[in-house]
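Please read the structure below before turning to the comments.
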Amino acid sequence: MNPNKALWEKGDFTAVAAFMRDSGAALASSLGVSAGQRVLDVGCGDGTTALPLARLGAEVLGVDIARNLVEAGNNRAAEAGLARLKFQEGDACDLEGVADGSFDLTLSVFGAMFAPRPLDVAKQMVRVTKKGGRVVMGNWIPNDPTSFVSQLLKICSAFTPPPPEGFVSPMLWGVEAQILERFARAGVPAERVKMVKDTFLFSSGEMGPAGFIDVFQKYYGPTMNAFEAAEKNGKSAELLGLLVDLAMSQNKAADASTSIPATFMRVTVDV
């Protein structure tokens, strides 16, 4: 099996996505999408941004490599009565079957950044977007202490074996020079690529930081792999402690719940 597919089918990202719904809807609203526009959401999960975009009147196709997330997305669309929203399996590195220039907006929020061949990702997203349309990405930023997921993954990486030869860190999608180079090689000059730091909120209702991290431990593929490796070395308690400390240090809630603002790089490409 494709290792990336195996990673994202391993857990159940819907459990993590439950903490992201409000910010996903806010981000979708900020894109200025009008009724009838065609939107492709790449690495869409179960529809954190795809559903609110469809509710705004867009015709939305969500593509994800994980079969279970595609199924969950189609179920959510059906329950919401969103006939103009469809989810299907696909790979951000090769959007096979998606026609050139067929979308007004191609979007990927913390999705396509994890695909293993970033140059192909940039080329594919540009290819399927209409001239005059936009590509928008949300990417975690490496070594940013306020970028929660990048910090979580950095901690996890210390407990897992070294990546295979040729591995390209997904965090490089949060580095300005890398973003410009990748889209330049996809035919987009630097002056048509805009980058700004933005904030995404993880909100867990009544669940505190320890429970929040427990969800990542049980359902988020990269964290699951880290705990499996740590268990073999007798270090799972150490890993858990570090991740709970991270969540507690970044939690802004004044009560027993969790509210973690996470900095990300928002990239807008004019095609």
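In the structure tokens, chains take letters A, B, ... by order of appearance, with residues numbered from 1 within each chain and ligands from 1 in the order shown.
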
I'd like a table as CSV: residues in stretch 117-173 of chain A with an atom no more than 10 Å from stretch 191-210 of chain A, each row giving the shortest atom pair and its distance in Å to one decimal, only C-alpha atoms counted, sorted by chain and rising residue number.
residue,atom,partner,partner_atom,distance
A:Arg134,CA,A:Arg192,CA,9.8
A:Val135,CA,A:Val193,CA,9.3
A:Val136,CA,A:Lys194,CA,9.6
A:Met137,CA,A:Met195,CA,9.5
A:Gly138,CA,A:Asp198,CA,8.7
A:Asn139,CA,A:Lys197,CA,9.6
A:Trp140,CA,A:Lys197,CA,9.8
A:Ile141,CA,A:Lys197,CA,9.0
A:Thr146,CA,A:Thr199,CA,9.3
A:Ser147,CA,A:Thr199,CA,8.7
A:Phe148,CA,A:Phe202,CA,9.3

Restrict the selected residues to N, CA and C atoms and save them as a PDB file, in the first residue's frame.
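As a result, part-v8.pdb now contains:
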ATOM      1  N   ARG A 134      -7.551  30.782  -8.191  1.00  0.00           N
ATOM      2  CA  ARG A 134      -6.605  30.826  -7.072  1.00  0.00           C
ATOM      3  C   ARG A 134      -6.306  29.429  -6.547  1.00  0.00           C
ATOM      4  N   VAL A 135      -5.087  29.294  -6.054  1.00  0.00           N
ATOM      5  CA  VAL A 135      -4.725  28.172  -5.189  1.00  0.00           C
ATOM      6  C   VAL A 135      -4.501  28.750  -3.797  1.00  0.00           C
ATOM      7  N   VAL A 136      -5.115  28.143  -2.793  1.00  0.00           N
ATOM      8  CA  VAL A 136      -4.922  28.586  -1.407  1.00  0.00           C
ATOM      9  C   VAL A 136      -4.512  27.378  -0.573  1.00  0.00           C
ATOM     10  N   MET A 137      -3.422  27.555   0.180  1.00  0.00           N
ATOM     11  CA  MET A 137      -2.957  26.501   1.076  1.00  0.00           C
ATOM     12  C   MET A 137      -2.845  27.033   2.500  1.00  0.00           C
ATOM     13  N   GLY A 138      -3.132  26.160   3.455  1.00  0.00           N
ATOM     14  CA  GLY A 138      -2.820  26.403   4.853  1.00  0.00           C
ATOM     15  C   GLY A 138      -1.786  25.376   5.275  1.00  0.00           C
ATOM     16  N   ASN A 139      -0.612  25.831   5.725  1.00  0.00           N
ATOM     17  CA  ASN A 139       0.490  24.921   6.037  1.00  0.00           C
ATOM     18  C   ASN A 139       1.077  25.241   7.409  1.00  0.00           C
ATOM     19  N   TRP A 140       1.393  24.211   8.174  1.00  0.00           N
ATOM     20  CA  TRP A 140       2.056  24.412   9.455  1.00  0.00           C
ATOM     21  C   TRP A 140       3.483  24.904   9.232  1.00  0.00           C
ATOM     22  N   ILE A 141       4.006  25.640  10.202  1.00  0.00           N
ATOM     23  CA  ILE A 141       5.300  26.312  10.070  1.00  0.00           C
ATOM     24  C   ILE A 141       6.328  25.628  10.965  1.00  0.00           C
ATOM     25  N   THR A 146       4.537  28.722  18.212  1.00  0.00           N
ATOM     26  CA  THR A 146       3.081  28.894  18.286  1.00  0.00           C
ATOM     27  C   THR A 146       2.351  28.069  17.219  1.00  0.00           C
ATOM     28  N   SER A 147       3.092  27.242  16.479  1.00  0.00           N
ATOM     29  CA  SER A 147       2.479  26.368  15.474  1.00  0.00           C
ATOM     30  C   SER A 147       2.305  24.990  16.108  1.00  0.00           C
ATOM     31  N   PHE A 148       1.145  24.757  16.720  1.00  0.00           N
ATOM     32  CA  PHE A 148       0.937  23.609  17.606  1.00  0.00           C
ATOM     33  C   PHE A 148       1.266  22.271  16.950  1.00  0.00           C
TER      34      PHE A 148
END

Quick one: everything within 7 Å of A:Gly111, counting only C-alpha atoms, minus sequence neighbours fewer than 5 positions away in the same chain. Send it as a VMD selection string. chain A and resid 42 to 44

Within 12 Å of A:Gly57, counting only C-alpha atoms, which residues qualify if same-chain residues fewer than 6 places away don't, as an NGL selection string? :A and (28-29 or 32-39 or 50-51 or 82-85)

Residues just named, written with N, CA, C and O atoms as a compact mmCIF listing (two decimals), in the first residue's frame:
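Listed below is the output, part.txt:
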# COMPACT_ATOMS: atom_id res chain seq x y z
N ALA A 28 -13.15 29.09 5.59
CA ALA A 28 -13.94 28.98 4.36
C ALA A 28 -14.65 30.30 4.06
O ALA A 28 -14.67 30.76 2.91
N SER A 29 -15.22 30.91 5.08
CA SER A 29 -15.94 32.17 4.88
C SER A 29 -15.02 33.29 4.43
O SER A 29 -15.44 34.20 3.72
N GLY A 32 -14.02 34.29 0.27
CA GLY A 32 -14.78 35.09 -0.69
C GLY A 32 -15.34 34.29 -1.85
O GLY A 32 -15.46 34.81 -2.97
N VAL A 33 -15.70 33.05 -1.59
CA VAL A 33 -16.25 32.20 -2.64
C VAL A 33 -17.71 32.56 -2.88
O VAL A 33 -18.48 32.73 -1.93
N SER A 34 -18.10 32.68 -4.13
CA SER A 34 -19.49 33.02 -4.46
C SER A 34 -20.23 31.79 -4.93
O SER A 34 -19.64 30.79 -5.35
N ALA A 35 -21.55 31.87 -4.88
CA ALA A 35 -22.41 30.75 -5.28
C ALA A 35 -22.12 30.35 -6.72
O ALA A 35 -21.97 31.21 -7.60
N GLY A 36 -22.02 29.06 -6.94
CA GLY A 36 -21.80 28.54 -8.27
C GLY A 36 -20.35 28.34 -8.66
O GLY A 36 -20.06 27.69 -9.66
N GLN A 37 -19.43 28.90 -7.88
CA GLN A 37 -18.02 28.67 -8.18
C GLN A 37 -17.65 27.22 -7.89
O GLN A 37 -18.22 26.58 -7.01
N ARG A 38 -16.67 26.74 -8.64
CA ARG A 38 -16.20 25.36 -8.46
C ARG A 38 -14.94 25.36 -7.59
O ARG A 38 -14.00 26.10 -7.86
N VAL A 39 -14.96 24.53 -6.55
CA VAL A 39 -13.86 24.46 -5.59
C VAL A 39 -13.39 23.02 -5.48
O VAL A 39 -14.19 22.10 -5.33
N ALA A 50 -14.63 21.79 3.31
CA ALA A 50 -15.49 21.50 2.16
C ALA A 50 -16.96 21.72 2.47
O ALA A 50 -17.70 22.28 1.65
N LEU A 51 -17.42 21.28 3.64
CA LEU A 51 -18.83 21.46 3.98
C LEU A 51 -19.23 22.93 4.08
O LEU A 51 -20.22 23.34 3.48
N LEU A 82 -26.32 18.38 1.18
CA LEU A 82 -25.51 19.20 0.27
C LEU A 82 -25.26 18.42 -1.02
O LEU A 82 -24.26 17.71 -1.17
N ALA A 83 -26.15 18.58 -1.96
CA ALA A 83 -26.08 17.82 -3.22
C ALA A 83 -24.92 18.28 -4.10
O ALA A 83 -24.49 17.53 -4.99
N ARG A 84 -24.40 19.47 -3.88
CA ARG A 84 -23.30 20.01 -4.72
C ARG A 84 -21.93 19.73 -4.10
O ARG A 84 -20.95 20.35 -4.48
N LEU A 85 -21.89 18.80 -3.17
CA LEU A 85 -20.65 18.42 -2.52
C LEU A 85 -20.42 16.93 -2.69
O LEU A 85 -21.28 16.11 -2.38

Sorted by chain and rising residue number, which residues of stretch 92-184 of chain A lie within 10 Å of stretch 59-80 of chain A, and what are their closest atom pairs and distances in Å to one decimal, counting only C-alpha atoms, as a tab-separated table?
residue	atom	partner	partner_atom	distance
A:Ala92	CA	A:Asp64	CA	7.8
A:Leu95	CA	A:Val63	CA	8.6
A:Phe103	CA	A:Val60	CA	9.2
A:Leu105	CA	A:Val60	CA	9.6
A:Thr106	CA	A:Leu61	CA	9.7
A:Leu107	CA	A:Gly62	CA	9.4
A:Ser108	CA	A:Val63	CA	9.7
A:Gly111	CA	A:Asp64	CA	8.3
A:Ala112	CA	A:Asp64	CA	9.0
A:Ala115	CA	A:Ile65	CA	9.3

Would you mind exporting N, CA, C and O atoms of the selected residues as a PDB file, in the first residue's frame?
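Printed below is out36.pdb as written:
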ATOM      1  N   ALA A  92      -2.836  13.840  -3.895  1.00  0.00           N
ATOM      2  CA  ALA A  92      -2.439  15.218  -4.208  1.00  0.00           C
ATOM      3  C   ALA A  92      -1.259  15.282  -5.159  1.00  0.00           C
ATOM      4  O   ALA A  92      -1.076  16.276  -5.864  1.00  0.00           O
ATOM      5  N   LEU A  95      -3.451  14.204  -9.403  1.00  0.00           N
ATOM      6  CA  LEU A  95      -4.909  14.365  -9.387  1.00  0.00           C
ATOM      7  C   LEU A  95      -5.500  13.764 -10.658  1.00  0.00           C
ATOM      8  O   LEU A  95      -6.110  14.446 -11.490  1.00  0.00           O
ATOM      9  N   PHE A 103     -11.269  24.343 -11.992  1.00  0.00           N
ATOM     10  CA  PHE A 103     -11.746  24.874 -10.716  1.00  0.00           C
ATOM     11  C   PHE A 103     -11.381  26.351 -10.560  1.00  0.00           C
ATOM     12  O   PHE A 103     -10.288  26.781 -10.934  1.00  0.00           O
ATOM     13  N   LEU A 105     -11.206  27.715  -7.566  1.00  0.00           N
ATOM     14  CA  LEU A 105     -10.361  27.717  -6.373  1.00  0.00           C
ATOM     15  C   LEU A 105      -9.920  26.296  -6.080  1.00  0.00           C
ATOM     16  O   LEU A 105     -10.741  25.381  -6.019  1.00  0.00           O
ATOM     17  N   THR A 106      -8.623  26.123  -5.907  1.00  0.00           N
ATOM     18  CA  THR A 106      -8.080  24.854  -5.418  1.00  0.00           C
ATOM     19  C   THR A 106      -7.514  25.125  -4.038  1.00  0.00           C
ATOM     20  O   THR A 106      -6.644  25.978  -3.863  1.00  0.00           O
ATOM     21  N   LEU A 107      -8.023  24.396  -3.063  1.00  0.00           N
ATOM     22  CA  LEU A 107      -7.747  24.663  -1.658  1.00  0.00           C
ATOM     23  C   LEU A 107      -7.124  23.432  -1.005  1.00  0.00           C
ATOM     24  O   LEU A 107      -7.492  22.297  -1.325  1.00  0.00           O
ATOM     25  N   SER A 108      -6.195  23.656  -0.097  1.00  0.00           N
ATOM     26  CA  SER A 108      -5.700  22.565   0.739  1.00  0.00           C
ATOM     27  C   SER A 108      -5.282  23.123   2.087  1.00  0.00           C
ATOM     28  O   SER A 108      -4.351  23.921   2.177  1.00  0.00           O
ATOM     29  N   GLY A 111      -3.450  19.591   4.395  1.00  0.00           N
ATOM     30  CA  GLY A 111      -3.683  18.316   3.724  1.00  0.00           C
ATOM     31  C   GLY A 111      -2.577  17.970   2.754  1.00  0.00           C
ATOM     32  O   GLY A 111      -1.751  17.087   2.998  1.00  0.00           O
ATOM     33  N   ALA A 112      -2.529  18.688   1.627  1.00  0.00           N
ATOM     34  CA  ALA A 112      -1.553  18.388   0.575  1.00  0.00           C
ATOM     35  C   ALA A 112      -0.119  18.567   1.052  1.00  0.00           C
ATOM     36  O   ALA A 112       0.803  17.987   0.477  1.00  0.00           O
ATOM     37  N   ALA A 115       1.686  15.272   1.473  1.00  0.00           N
ATOM     38  CA  ALA A 115       1.967  14.394   0.335  1.00  0.00           C
ATOM     39  C   ALA A 115       3.478  14.347   0.104  1.00  0.00           C
ATOM     40  O   ALA A 115       4.180  15.334   0.299  1.00  0.00           O
TER      41      ALA A 115
END

Any chance you could list, as a CSV table (one decimal) with all heavy atoms, in the first residue's frame, the residues in stretch 30-185 of chain A that come up strand (DSSP E or B) when DSSP is run on the backbone?
chain,number,residue,atom,x,y,z
A,38,ARG,N,-16.7,26.7,-8.6
A,38,ARG,CA,-16.2,25.4,-8.5
A,38,ARG,C,-14.9,25.4,-7.6
A,38,ARG,O,-14.0,26.1,-7.9
A,38,ARG,CB,-15.9,24.7,-9.8
A,38,ARG,CG,-17.1,24.6,-10.7
A,38,ARG,CD,-16.8,23.5,-11.8
A,38,ARG,NE,-16.8,22.2,-11.3
A,38,ARG,CZ,-16.1,21.2,-11.7
A,38,ARG,NH1,-15.2,21.4,-12.7
A,38,ARG,NH2,-16.1,20.0,-11.2
A,39,VAL,N,-15.0,24.5,-6.6
A,39,VAL,CA,-13.9,24.5,-5.6
A,39,VAL,C,-13.4,23.0,-5.5
A,39,VAL,O,-14.2,22.1,-5.3
A,39,VAL,CB,-14.3,25.0,-4.2
A,39,VAL,CG1,-13.1,24.8,-3.2
A,39,VAL,CG2,-14.8,26.4,-4.3
A,40,LEU,N,-12.1,22.8,-5.5
A,40,LEU,CA,-11.5,21.6,-5.3
A,40,LEU,C,-10.7,21.7,-3.9
A,40,LEU,O,-9.9,22.5,-3.7
A,40,LEU,CB,-10.4,21.2,-6.4
A,40,LEU,CG,-9.7,19.9,-6.1
A,40,LEU,CD1,-10.6,18.7,-6.2
A,40,LEU,CD2,-8.6,19.8,-7.2
A,41,ASP,N,-11.1,20.8,-3.0
A,41,ASP,CA,-10.5,20.7,-1.7
A,41,ASP,C,-9.6,19.5,-1.6
A,41,ASP,O,-10.1,18.4,-1.6
A,41,ASP,CB,-11.5,20.7,-0.6
A,41,ASP,CG,-11.0,21.0,0.8
A,41,ASP,OD1,-9.8,20.9,1.0
A,41,ASP,OD2,-11.8,21.3,1.7
A,42,VAL,N,-8.3,19.7,-1.6
A,42,VAL,CA,-7.3,18.6,-1.7
A,42,VAL,C,-6.8,18.2,-0.3
A,42,VAL,O,-6.4,19.1,0.5
A,42,VAL,CB,-6.1,19.0,-2.6
A,42,VAL,CG1,-5.1,17.8,-2.7
A,42,VAL,CG2,-6.6,19.5,-4.0
A,59,GLU,N,-19.8,24.7,-5.7
A,59,GLU,CA,-19.9,23.3,-6.1
A,59,GLU,C,-18.5,22.8,-5.7
A,59,GLU,O,-17.5,23.2,-6.3
A,59,GLU,CB,-20.1,23.2,-7.6
A,59,GLU,CG,-20.1,21.8,-8.1
A,59,GLU,CD,-20.4,21.7,-9.6
A,59,GLU,OE1,-20.9,22.7,-10.2
A,59,GLU,OE2,-20.0,20.7,-10.2
A,60,VAL,N,-18.5,21.8,-4.8
A,60,VAL,CA,-17.2,21.4,-4.1
A,60,VAL,C,-16.9,19.9,-4.4
A,60,VAL,O,-17.8,19.1,-4.2
A,60,VAL,CB,-17.2,21.7,-2.6
A,60,VAL,CG1,-15.9,21.3,-2.0
A,60,VAL,CG2,-17.6,23.1,-2.3
A,61,LEU,N,-15.7,19.7,-4.8
A,61,LEU,CA,-15.2,18.3,-4.8
A,61,LEU,C,-14.1,18.2,-3.8
A,61,LEU,O,-13.1,18.9,-3.9
A,61,LEU,CB,-14.6,18.0,-6.2
A,61,LEU,CG,-13.9,16.6,-6.4
A,61,LEU,CD1,-14.9,15.5,-6.1
A,61,LEU,CD2,-13.3,16.5,-7.8
A,62,GLY,N,-14.2,17.2,-2.9
A,62,GLY,CA,-13.2,17.0,-1.9
A,62,GLY,C,-12.4,15.7,-2.3
A,62,GLY,O,-13.0,14.7,-2.6
A,63,VAL,N,-11.1,15.8,-2.3
A,63,VAL,CA,-10.3,14.7,-2.6
A,63,VAL,C,-9.4,14.4,-1.5
A,63,VAL,O,-8.7,15.3,-0.9
A,63,VAL,CB,-9.4,15.0,-3.9
A,63,VAL,CG1,-8.4,13.9,-4.1
A,63,VAL,CG2,-10.3,15.2,-5.1
A,64,ASP,N,-9.3,13.1,-1.1
A,64,ASP,CA,-8.5,12.7,0.0
A,64,ASP,C,-7.9,11.3,-0.3
A,64,ASP,O,-8.6,10.5,-0.9
A,64,ASP,CB,-9.2,12.7,1.4
A,64,ASP,CG,-8.2,12.8,2.5
A,64,ASP,OD1,-7.7,11.7,2.9
A,64,ASP,OD2,-8.0,13.9,3.1
A,85,LEU,N,-21.9,18.8,-3.2
A,85,LEU,CA,-20.6,18.4,-2.5
A,85,LEU,C,-20.4,16.9,-2.7
A,85,LEU,O,-21.3,16.1,-2.4
A,85,LEU,CB,-20.7,18.8,-1.0
A,85,LEU,CG,-19.5,18.3,-0.1
A,85,LEU,CD1,-18.2,18.8,-0.6
A,85,LEU,CD2,-19.8,18.7,1.3
A,86,LYS,N,-19.2,16.6,-3.2
A,86,LYS,CA,-18.9,15.2,-3.4
A,86,LYS,C,-17.4,14.9,-2.9
A,86,LYS,O,-16.6,15.8,-3.1
A,86,LYS,CB,-19.0,14.8,-4.9
A,86,LYS,CG,-18.6,13.4,-5.2
A,86,LYS,CD,-18.6,13.2,-6.8
A,86,LYS,CE,-18.0,11.8,-7.1
A,86,LYS,NZ,-17.9,11.6,-8.6
A,87,PHE,N,-17.2,13.8,-2.4
A,87,PHE,CA,-15.9,13.4,-1.9
A,87,PHE,C,-15.4,12.1,-2.7
A,87,PHE,O,-16.3,11.2,-3.0
A,87,PHE,CB,-15.9,13.0,-0.4
A,87,PHE,CG,-16.1,14.2,0.5
A,87,PHE,CD1,-17.4,14.6,0.7
A,87,PHE,CD2,-15.1,14.8,1.1
A,87,PHE,CE1,-17.6,15.7,1.6
A,87,PHE,CE2,-15.3,15.9,2.0
A,87,PHE,CZ,-16.6,16.4,2.2
A,88,GLN,N,-14.2,12.1,-3.1
A,88,GLN,CA,-13.6,10.9,-3.8
A,88,GLN,C,-12.2,10.7,-3.4
A,88,GLN,O,-11.5,11.6,-3.0
A,88,GLN,CB,-13.8,11.1,-5.3
A,88,GLN,CG,-12.9,12.1,-5.9
A,88,GLN,CD,-13.1,12.3,-7.4
A,88,GLN,OE1,-14.3,12.2,-7.9
A,88,GLN,NE2,-12.1,12.5,-8.2
A,89,GLU,N,-11.7,9.5,-3.5
A,89,GLU,CA,-10.3,9.2,-3.2
A,89,GLU,C,-9.4,9.8,-4.3
A,89,GLU,O,-9.8,9.8,-5.5
A,89,GLU,CB,-10.1,7.7,-3.2
A,89,GLU,CG,-10.6,7.0,-1.9
A,89,GLU,CD,-10.3,5.5,-1.8
A,89,GLU,OE1,-9.1,5.2,-2.0
A,89,GLU,OE2,-11.2,4.7,-1.7
A,91,ASP,N,-5.0,11.3,-4.9
A,91,ASP,CA,-3.6,11.6,-4.4
A,91,ASP,C,-3.2,13.0,-4.9
A,91,ASP,O,-3.3,13.3,-6.0
A,91,ASP,CB,-2.7,10.6,-5.0
A,91,ASP,CG,-1.3,10.6,-4.4
A,91,ASP,OD1,-0.9,11.7,-3.9
A,91,ASP,OD2,-0.6,9.6,-4.5
A,94,ASP,N,-0.9,13.4,-7.7
A,94,ASP,CA,-1.4,13.0,-9.1
A,94,ASP,C,-2.9,13.0,-9.1
A,94,ASP,O,-3.5,12.0,-8.7
A,94,ASP,CB,-0.8,11.6,-9.5
A,94,ASP,CG,-1.3,11.3,-10.9
A,94,ASP,OD1,-1.9,12.1,-11.6
A,94,ASP,OD2,-1.1,10.1,-11.3
A,103,PHE,N,-11.3,24.3,-12.0
A,103,PHE,CA,-11.7,24.9,-10.7
A,103,PHE,C,-11.4,26.4,-10.6
A,103,PHE,O,-10.3,26.8,-10.9
A,103,PHE,CB,-11.2,24.1,-9.5
A,103,PHE,CG,-11.8,22.7,-9.5
A,103,PHE,CD1,-11.1,21.6,-10.1
A,103,PHE,CD2,-12.9,22.5,-8.8
A,103,PHE,CE1,-11.7,20.3,-10.0
A,103,PHE,CE2,-13.5,21.2,-8.7
A,103,PHE,CZ,-12.9,20.1,-9.4
A,104,ASP,N,-12.3,27.1,-10.0
A,104,ASP,CA,-12.1,28.5,-9.7
A,104,ASP,C,-11.1,28.7,-8.5
A,104,ASP,O,-10.3,29.6,-8.4
A,104,ASP,CB,-13.4,29.2,-9.3
A,104,ASP,CG,-14.4,29.2,-10.5
A,104,ASP,OD1,-14.1,29.9,-11.5
A,104,ASP,OD2,-15.4,28.4,-10.4
A,105,LEU,N,-11.2,27.7,-7.6
A,105,LEU,CA,-10.4,27.7,-6.4
A,105,LEU,C,-9.9,26.3,-6.1
A,105,LEU,O,-10.7,25.4,-6.0
A,105,LEU,CB,-11.1,28.3,-5.2
A,105,LEU,CG,-10.5,28.1,-3.8
A,105,LEU,CD1,-9.2,28.9,-3.7
A,105,LEU,CD2,-11.5,28.5,-2.7
A,106,THR,N,-8.6,26.1,-5.9
A,106,THR,CA,-8.1,24.9,-5.4
A,106,THR,C,-7.5,25.1,-4.0
A,106,THR,O,-6.6,26.0,-3.9
A,106,THR,CB,-7.0,24.3,-6.4
A,106,THR,OG1,-7.6,24.1,-7.7
A,106,THR,CG2,-6.5,23.0,-5.8
A,107,LEU,N,-8.0,24.4,-3.1
A,107,LEU,CA,-7.7,24.7,-1.7
A,107,LEU,C,-7.1,23.4,-1.0
A,107,LEU,O,-7.5,22.3,-1.3
A,107,LEU,CB,-9.1,25.0,-0.9
A,107,LEU,CG,-9.1,25.2,0.6
A,107,LEU,CD1,-8.3,26.4,1.0
A,107,LEU,CD2,-10.5,25.2,1.1
A,108,SER,N,-6.2,23.7,-0.1
A,108,SER,CA,-5.7,22.6,0.7
A,108,SER,C,-5.3,23.1,2.1
A,108,SER,O,-4.4,23.9,2.2
A,108,SER,CB,-4.5,21.8,0.1
A,108,SER,OG,-4.2,20.7,0.9
A,109,VAL,N,-6.0,22.7,3.1
A,109,VAL,CA,-5.7,23.2,4.5
A,109,VAL,C,-5.1,22.0,5.3
A,109,VAL,O,-5.9,21.1,5.7
A,109,VAL,CB,-7.0,23.8,5.1
A,109,VAL,CG1,-6.7,24.3,6.5
A,109,VAL,CG2,-7.6,24.9,4.2
A,129,THR,N,-6.4,24.4,-11.8
A,129,THR,CA,-7.1,25.7,-11.5
A,129,THR,C,-7.2,26.5,-12.8
A,129,THR,O,-6.3,26.6,-13.6
A,129,THR,CB,-6.2,26.4,-10.5
A,129,THR,OG1,-6.0,25.6,-9.3
A,129,THR,CG2,-6.9,27.7,-10.0
A,130,LYS,N,-8.3,27.2,-12.9
A,130,LYS,CA,-8.6,28.0,-14.1
A,130,LYS,C,-7.6,29.2,-14.1
A,130,LYS,O,-7.2,29.7,-13.0
A,130,LYS,CB,-10.0,28.6,-14.1
A,130,LYS,CG,-11.1,27.5,-14.2
A,130,LYS,CD,-12.5,28.2,-14.1
A,130,LYS,CE,-13.6,27.2,-14.3
A,130,LYS,NZ,-14.9,27.9,-14.1
A,131,LYS,N,-7.3,29.7,-15.3
A,131,LYS,CA,-6.6,30.9,-15.4
A,131,LYS,C,-7.4,32.0,-14.8
A,131,LYS,O,-8.6,32.1,-15.1
A,131,LYS,CB,-6.2,31.2,-16.8
A,131,LYS,CG,-5.3,30.2,-17.5
A,131,LYS,CD,-3.9,30.2,-16.8
A,131,LYS,CE,-3.0,29.2,-17.4
A,131,LYS,NZ,-1.7,29.0,-16.6
A,132,GLY,N,-6.8,32.8,-13.9
A,132,GLY,CA,-7.6,33.8,-13.2
A,132,GLY,C,-8.1,33.3,-11.9
A,132,GLY,O,-8.7,34.1,-11.1
A,133,GLY,N,-8.0,32.0,-11.6
A,133,GLY,CA,-8.4,31.4,-10.4
A,133,GLY,C,-7.3,31.5,-9.3
A,133,GLY,O,-6.3,32.1,-9.5
A,134,ARG,N,-7.6,30.8,-8.2
A,134,ARG,CA,-6.6,30.8,-7.1
A,134,ARG,C,-6.3,29.4,-6.5
A,134,ARG,O,-7.2,28.5,-6.6
A,134,ARG,CB,-7.2,31.6,-5.9
A,134,ARG,CG,-7.4,33.1,-6.1
A,134,ARG,CD,-8.1,33.7,-4.9
A,134,ARG,NE,-9.5,33.2,-4.8
A,134,ARG,CZ,-10.2,33.2,-3.7
A,134,ARG,NH1,-9.7,33.7,-2.6
A,134,ARG,NH2,-11.5,32.8,-3.7
A,135,VAL,N,-5.1,29.3,-6.1
A,135,VAL,CA,-4.7,28.2,-5.2
A,135,VAL,C,-4.5,28.7,-3.8
A,135,VAL,O,-3.8,29.8,-3.6
A,135,VAL,CB,-3.4,27.5,-5.7
A,135,VAL,CG1,-3.0,26.4,-4.7
A,135,VAL,CG2,-3.6,26.8,-7.0
A,136,VAL,N,-5.1,28.1,-2.8
A,136,VAL,CA,-4.9,28.6,-1.4
A,136,VAL,C,-4.5,27.4,-0.6
A,136,VAL,O,-5.1,26.3,-0.6
A,136,VAL,CB,-6.2,29.2,-0.8
A,136,VAL,CG1,-6.0,29.6,0.7
A,136,VAL,CG2,-6.6,30.5,-1.6
A,137,MET,N,-3.4,27.6,0.2
A,137,MET,CA,-3.0,26.5,1.1
A,137,MET,C,-2.8,27.0,2.5
A,137,MET,O,-2.5,28.2,2.7
A,137,MET,CB,-1.6,26.0,0.7
A,137,MET,CG,-1.5,25.3,-0.7
A,137,MET,SD,0.1,24.6,-1.0
A,137,MET,CE,0.1,23.1,0.0
A,138,GLY,N,-3.1,26.2,3.5
A,138,GLY,CA,-2.8,26.4,4.9
A,138,GLY,C,-1.8,25.4,5.3
A,138,GLY,O,-2.0,24.2,5.2
A,139,ASN,N,-0.6,25.8,5.7
A,139,ASN,CA,0.5,24.9,6.0
A,139,ASN,C,1.1,25.2,7.4
A,139,ASN,O,1.3,26.4,7.8
A,139,ASN,CB,1.6,25.1,5.0
A,139,ASN,CG,1.1,24.8,3.6
A,139,ASN,OD1,0.3,23.9,3.4
A,139,ASN,ND2,1.6,25.5,2.6
A,140,TRP,N,1.4,24.2,8.2
A,140,TRP,CA,2.1,24.4,9.5
A,140,TRP,C,3.5,24.9,9.2
A,140,TRP,O,4.1,24.6,8.2
A,140,TRP,CB,2.1,23.1,10.3
A,140,TRP,CG,0.7,22.6,10.6
A,140,TRP,CD1,0.2,21.4,10.2
A,140,TRP,CD2,-0.4,23.3,11.3
A,140,TRP,NE1,-1.1,21.3,10.7
A,140,TRP,CE2,-1.5,22.4,11.3
A,140,TRP,CE3,-0.5,24.5,11.9
A,140,TRP,CZ2,-2.7,22.8,11.9
A,140,TRP,CZ3,-1.7,24.9,12.5
A,140,TRP,CH2,-2.8,24.0,12.5

Looking at A:Asn233, A:Asp245, A:Met265, A:Ala190, which one is nearest to A:Val175, with distances taken over only C-alpha atoms? A:Met265

Kindly provide the residues of stretch 13-132 of chain A that approach stretch 181-188 of chain A to within 10 Å, each paired with its closest atom pair and their distance in Å to one decimal, based on only C-alpha atoms, listed by chain and increasing number, as CSV.
residue,atom,partner,partner_atom,distance
A:Pro118,CA,A:Arg182,CA,7.3
A:Leu119,CA,A:Arg182,CA,5.5
A:Asp120,CA,A:Ala186,CA,8.4
A:Val121,CA,A:Arg182,CA,8.8
A:Ala122,CA,A:Phe183,CA,5.8
A:Lys123,CA,A:Ala186,CA,4.6
A:Gln124,CA,A:Ala186,CA,8.3
A:Met125,CA,A:Ala186,CA,8.9
A:Val126,CA,A:Ala186,CA,6.8
A:Arg127,CA,A:Ala186,CA,8.3

Two-atom distance - atom CA of A:Trp8, atom CA of A:Thr160 (Å):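 The value is 16.8 Å.
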
Hey, what does DSSP flag as helix (DSSP H, G or I) within stretch 96-222 of chain A? Can you give it to me as a PyMOL selection string? chain A and resi 112-114+118-127+148-157+170-174+176-184+190-192+209-219+221-222

If we count only C-alpha atoms and set the cut-off at 9 Å, which residues sit around A:Pro161, ignoring sequence neighbours fewer than 3 positions away in its own chain? Please answer as an MDAnalysis selection string. chainID A and resid 157:158 164 226 229

State, in Å with one decimal place, the distance from atom CA of A:Lys5 to atom CA of A:Phe159. 21.6 Å

Nearest candidate to A:Gln217 (options A:Ile260, A:Val16, A:Leu180, A:Ala58; using only C-alpha atoms): A:Val16

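Distances from A:Val215, A:Leu240, A:Leu31, A:Leu153 to A:Phe19 were compared using only C-alpha atoms, and the smallest one belongs to A:Val215.
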